[in-house]
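**Student:** My questions will all concern the structure given below.
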Amino acid sequence: MSKTLSDSPPAAARSLAATPLNPFVQATFVMSAAKLDQLPQDETPELAFVGRSNSGKSSALNTLCNKKALARVSKTPGRTQLINLFDVPGARLIDLPGYGFAKVPGSVRKDWGKLIGGYLETRFNLRLLIVIMDIRHPLTDLDEQMLDWAKAAERPCHVLLTKADKLSRGAATTTLLQVRAALQKWGDGFTAQLFSAHSNIGVEEARAAIHAHVQSANLAISSGQ
Ligand SMILES: Nc1nc2c(ncn2[C@@H]2O[C@H](COP(=O)(O)OP(=O)(O)OP(=O)(O)O)[C@@H](O)[C@H]2O)c(=O)[nH]1
Ligand SMILES: [Mg+2]
């Protein structure tokens, strides 16, 4: 039987980091939405990839799913302009447009803002934000606003400090520790790790962390917290 992200792990397998789970490899493209009312109205838990434009959201999603071209990657910032939806067993992955790209014309930026903001405000089934930050520019003002929003909306966040291949291991670790210390301001549900889509740093760790977040969200819901 295939594993689903919303299944409870067997009691003996609580150590998720050691569990070779990978429902992500079964990801399939569902649809692109230009408007919120096109999104499916069901209770499937959603995990959304958010972050600055060009930070590596689509690349991270592809790497987690072990598929090269599931979500479209580009050197040109602002590539993802629609909300792209992918099904995995028991959950849905959402690739959102990036924020903070200054060269996009104001009118388009306004539409994206509406789309991202509207998505975040209205999706009651949003369980986790996977916040992608380029390790060379972590915790920008817009990232902090996103974390503030997540805190207020009681949504946990797992930060992938991506492009870790661009730094030495020592420099990457120093940044990770600084980011983890800074995340304490937002509380327990805010975690961070190193990641690289190019050299596969942190891929298993990210799959396990995302799975663990989904589990604890399910537990909180089923116990009425
Ligand atoms: N070195 C390195 N480059 C990366 C990594 N991840 C992404 N990139 C590069 O960063 C650029 C942007 O990647 P995308 O995945 O398209 O970024 P995005 O956040 O989805 O961008 P938008 O959809 O435009 O917001 C591409 O040129 C990628 O090849 C990584 O882990 N390491
Ligand atoms: Mg993208």
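Ordered as shown in the structure tokens, chains take letters A, B, and onward, while each chain numbers its residues from 1 and ligands are numbered from 1 in the order shown.
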Residues of chain A that have any atom at most 9 Å from an atom of ligand 2: could you tabulate them with the shortest-distance atom pair and the distance in Å to one decimal, using only C-alpha atoms and all ligand atoms, ordered by chain and increasing number, as a Markdown table?
**Tutor:**
```
| residue | atom | partner | partner_atom_place_in_ligand_line | distance |
| --- | --- | --- | --- | --- |
| A:Ser53 | CA | ligand 2 | 1 (Mg) | 7.3 |
| A:Asn54 | CA | ligand 2 | 1 (Mg) | 6.8 |
| A:Ser55 | CA | ligand 2 | 1 (Mg) | 8.2 |
| A:Gly56 | CA | ligand 2 | 1 (Mg) | 6.7 |
| A:Lys57 | CA | ligand 2 | 1 (Mg) | 5.3 |
| A:Ser58 | CA | ligand 2 | 1 (Mg) | 4.2 |
| A:Ser59 | CA | ligand 2 | 1 (Mg) | 7.3 |
| A:Ala71 | CA | ligand 2 | 1 (Mg) | 7.0 |
| A:Arg72 | CA | ligand 2 | 1 (Mg) | 6.2 |
| A:Val73 | CA | ligand 2 | 1 (Mg) | 5.7 |
| A:Ser74 | CA | ligand 2 | 1 (Mg) | 7.2 |
| A:Pro77 | CA | ligand 2 | 1 (Mg) | 8.1 |
| A:Gly78 | CA | ligand 2 | 1 (Mg) | 7.1 |
| A:Arg79 | CA | ligand 2 | 1 (Mg) | 5.5 |
| A:Thr80 | CA | ligand 2 | 1 (Mg) | 4.3 |
| A:Gln81 | CA | ligand 2 | 1 (Mg) | 7.9 |
| A:Asp95 | CA | ligand 2 | 1 (Mg) | 6.8 |
| A:Leu96 | CA | ligand 2 | 1 (Mg) | 7.1 |
| A:Pro97 | CA | ligand 2 | 1 (Mg) | 6.2 |
| A:Gly98 | CA | ligand 2 | 1 (Mg) | 6.8 |
```
**Student:** For those residues, write N, CA and C atoms to a file as a JSON list (two decimals), in the first residue's frame.
**Tutor:**
```json
[["chain", "number", "residue", "atom", "x", "y", "z"],
["A", 53, "SER", "N", 10.61, 35.75, -5.12],
["A", 53, "SER", "CA", 10.75, 35.39, -6.51],
["A", 53, "SER", "C", 12.18, 34.90, -6.76],
["A", 54, "ASN", "N", 12.33, 33.82, -7.51],
["A", 54, "ASN", "CA", 13.65, 33.30, -7.88],
["A", 54, "ASN", "C", 14.40, 32.64, -6.71],
["A", 55, "SER", "N", 13.74, 32.45, -5.57],
["A", 55, "SER", "CA", 14.45, 31.87, -4.42],
["A", 55, "SER", "C", 14.69, 30.37, -4.63],
["A", 56, "GLY", "N", 13.88, 29.74, -5.50],
["A", 56, "GLY", "CA", 14.09, 28.31, -5.75],
["A", 56, "GLY", "C", 12.91, 27.45, -5.33],
["A", 57, "LYS", "N", 11.70, 28.04, -5.29],
["A", 57, "LYS", "CA", 10.50, 27.29, -4.86],
["A", 57, "LYS", "C", 10.19, 26.12, -5.79],
["A", 58, "SER", "N", 10.13, 26.42, -7.10],
["A", 58, "SER", "CA", 9.76, 25.37, -8.05],
["A", 58, "SER", "C", 10.84, 24.29, -8.08],
["A", 59, "SER", "N", 12.10, 24.70, -7.99],
["A", 59, "SER", "CA", 13.19, 23.72, -7.98],
["A", 59, "SER", "C", 13.11, 22.82, -6.75],
["A", 71, "ALA", "N", 7.32, 21.23, -11.81],
["A", 71, "ALA", "CA", 7.02, 22.67, -11.77],
["A", 71, "ALA", "C", 8.07, 23.37, -12.62],
["A", 72, "ARG", "N", 7.67, 24.45, -13.28],
["A", 72, "ARG", "CA", 8.59, 25.09, -14.22],
["A", 72, "ARG", "C", 9.60, 25.98, -13.49],
["A", 73, "VAL", "N", 10.87, 25.75, -13.82],
["A", 73, "VAL", "CA", 11.98, 26.49, -13.20],
["A", 73, "VAL", "C", 12.50, 27.48, -14.22],
["A", 74, "SER", "N", 12.95, 28.65, -13.75],
["A", 74, "SER", "CA", 13.50, 29.60, -14.71],
["A", 74, "SER", "C", 14.55, 30.49, -14.08],
["A", 77, "PRO", "N", 13.36, 35.80, -12.87],
["A", 77, "PRO", "CA", 12.47, 35.88, -11.70],
["A", 77, "PRO", "C", 11.04, 36.14, -12.14],
["A", 78, "GLY", "N", 10.12, 35.64, -11.38],
["A", 78, "GLY", "CA", 8.71, 35.88, -11.69],
["A", 78, "GLY", "C", 8.14, 34.85, -12.64],
["A", 79, "ARG", "N", 8.81, 33.70, -12.77],
["A", 79, "ARG", "CA", 8.39, 32.69, -13.72],
["A", 79, "ARG", "C", 7.01, 32.12, -13.37],
["A", 80, "THR", "N", 6.83, 31.80, -12.11],
["A", 80, "THR", "CA", 5.57, 31.20, -11.70],
["A", 80, "THR", "C", 4.57, 32.31, -11.43],
["A", 81, "GLN", "N", 3.57, 32.43, -12.31],
["A", 81, "GLN", "CA", 2.61, 33.54, -12.15],
["A", 81, "GLN", "C", 1.23, 33.04, -11.77],
["A", 95, "ASP", "N", 2.44, 25.33, -5.60],
["A", 95, "ASP", "CA", 3.56, 26.19, -5.98],
["A", 95, "ASP", "C", 2.99, 27.58, -6.23],
["A", 96, "LEU", "N", 3.32, 28.50, -5.32],
["A", 96, "LEU", "CA", 2.76, 29.85, -5.41],
["A", 96, "LEU", "C", 3.72, 30.78, -6.16],
["A", 97, "PRO", "N", 3.20, 31.84, -6.76],
["A", 97, "PRO", "CA", 4.10, 32.84, -7.34],
["A", 97, "PRO", "C", 4.97, 33.44, -6.24],
["A", 98, "GLY", "N", 6.16, 33.91, -6.61],
["A", 98, "GLY", "CA", 7.06, 34.50, -5.61],
["A", 98, "GLY", "C", 6.68, 35.93, -5.30]]
```
**Student:** Residues of range 117-160 of chain A classed as strand (DSSP E or B) by DSSP on the backbone are to be reported as a PyMOL selection string.
**Tutor:** chain A and resi 126-134+157-160
**Student:** Between A:Phe29, A:Tyr99, A:Phe49, A:Phe190, which one has atoms that come closest to Leu147 in chain A, using only C-alpha atoms?
**Tutor:** A:Phe190
**Student:** Report as a ChimeraX atom specification all protein, DNA and RNA residues lying within 10 Å of Ser199 in chain A, evaluated on only C-alpha atoms, omitting residues in the same chain fewer than 5 positions from it.
**Tutor:** /A:63,163-166
**Student:** Write out the residues from the selection above, keeping C-alpha atoms, as a tab-separated table (two decimals), in the first residue's frame.
**Tutor:**
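Done, and the output landed in selection_15.tsv:
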```tsv
chain	number	residue	atom	x	y	z
A	63	THR	CA	13.64	17.93	-6.08
A	163	LYS	CA	21.05	27.05	-2.76
A	164	ALA	CA	23.20	25.79	0.15
A	165	ASP	CA	25.59	24.53	-2.55
A	166	LYS	CA	26.57	28.18	-3.07
```
**Student:** Can you pull out the residues contacting Asp143 in chain A? Cut-off 10 Å, using only C-alpha atoms, and skip same-chain residues under 6 positions away; I want them as an MDAnalysis selection string.
**Tutor:** chainID A and resid 50:52 99:100 131:133 149
**Student:** Which distance in Å separates CA of Ala91 in chain A and CA of Gly117 in chain A, to one decimal?
**Tutor:**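 Taking CA of Ala91 in chain A as the start and CA of Gly117 in chain A as the end point, the length is 21.0 Å.
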**Student:** Using only C-alpha atoms and all ligand atoms for the distances, tell me which of A:Val159, A:Leu93, A:Lys151, A:Leu82 is nearest to ligand 1.
**Tutor:**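 The closest residue to ligand 1 is A:Leu82.
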**Student:** Counting only C-alpha atoms and all ligand atoms, which residue out of A:Thr162, A:Gln41, A:Thr140, A:Ser168 sits closest to ligand 1?
**Tutor:**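 Comparing A:Thr162, A:Gln41, A:Thr140, A:Ser168 against ligand 1, the winner is A:Thr162.
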**Student:** Taking 5 positions as the minimum chain separation for residues in the same chain, which residues sit within 9 Å of His213 in chain A when counting only C-alpha atoms? Answer as a PyMOL selection string.
**Tutor:** chain A and resi 127-128+156-158+189+208+218
**Student:** Give me, please, the distance in Å between CA of Arg92 in chain A and CA of Ala212 in chain A, quoted to one decimal.
**Tutor:**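 Between CA of Arg92 in chain A and CA of Ala212 in chain A the gap is 15.5 Å.
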**Student:** CA of Val214 in chain A to CA of Leu47 in chain A: how many Å, to one decimal?
**Tutor:**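 That distance, rounded to one decimal, is 8.6 Å.
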**Student:** Given only C-alpha atoms and all ligand atoms as the basis, pick out the residue of A:Ala192, A:His211, A:Leu183, A:Asn200 nearest to ligand 1.
**Tutor:**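 Among the listed residues, the smallest separation from ligand 1 belongs to A:Asn200.
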**Student:** Write out as a list in words the set of residues from range 41-79 of chain A that DSSP, computed on the backbone, places in helix (DSSP H, G or I).
**Tutor:**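 Those in range 41-79 of chain A that DSSP calls helix (DSSP H, G or I) are Lys57, Ser58, Ser59, Ala60, Leu61, Asn62, Thr63, Leu64 and Cys65 of chain A.
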**Student:** Now that the selection is made, can you save its residues with C-alpha atoms as a PDB file, in the first residue's frame?
**Tutor:**
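That gives us result00.pdb:
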```pdb
ATOM      1  CA  LYS A  57      10.504  27.290  -4.863  1.00  0.00           C
ATOM      2  CA  SER A  58       9.757  25.369  -8.048  1.00  0.00           C
ATOM      3  CA  SER A  59      13.194  23.716  -7.980  1.00  0.00           C
ATOM      4  CA  ALA A  60      12.680  22.616  -4.365  1.00  0.00           C
ATOM      5  CA  LEU A  61       9.289  21.145  -5.203  1.00  0.00           C
ATOM      6  CA  ASN A  62      10.741  19.241  -8.157  1.00  0.00           C
ATOM      7  CA  THR A  63      13.638  17.931  -6.076  1.00  0.00           C
ATOM      8  CA  LEU A  64      11.373  16.743  -3.257  1.00  0.00           C
ATOM      9  CA  CYS A  65       9.251  14.951  -5.844  1.00  0.00           C
TER      10      CYS A  65
END
```
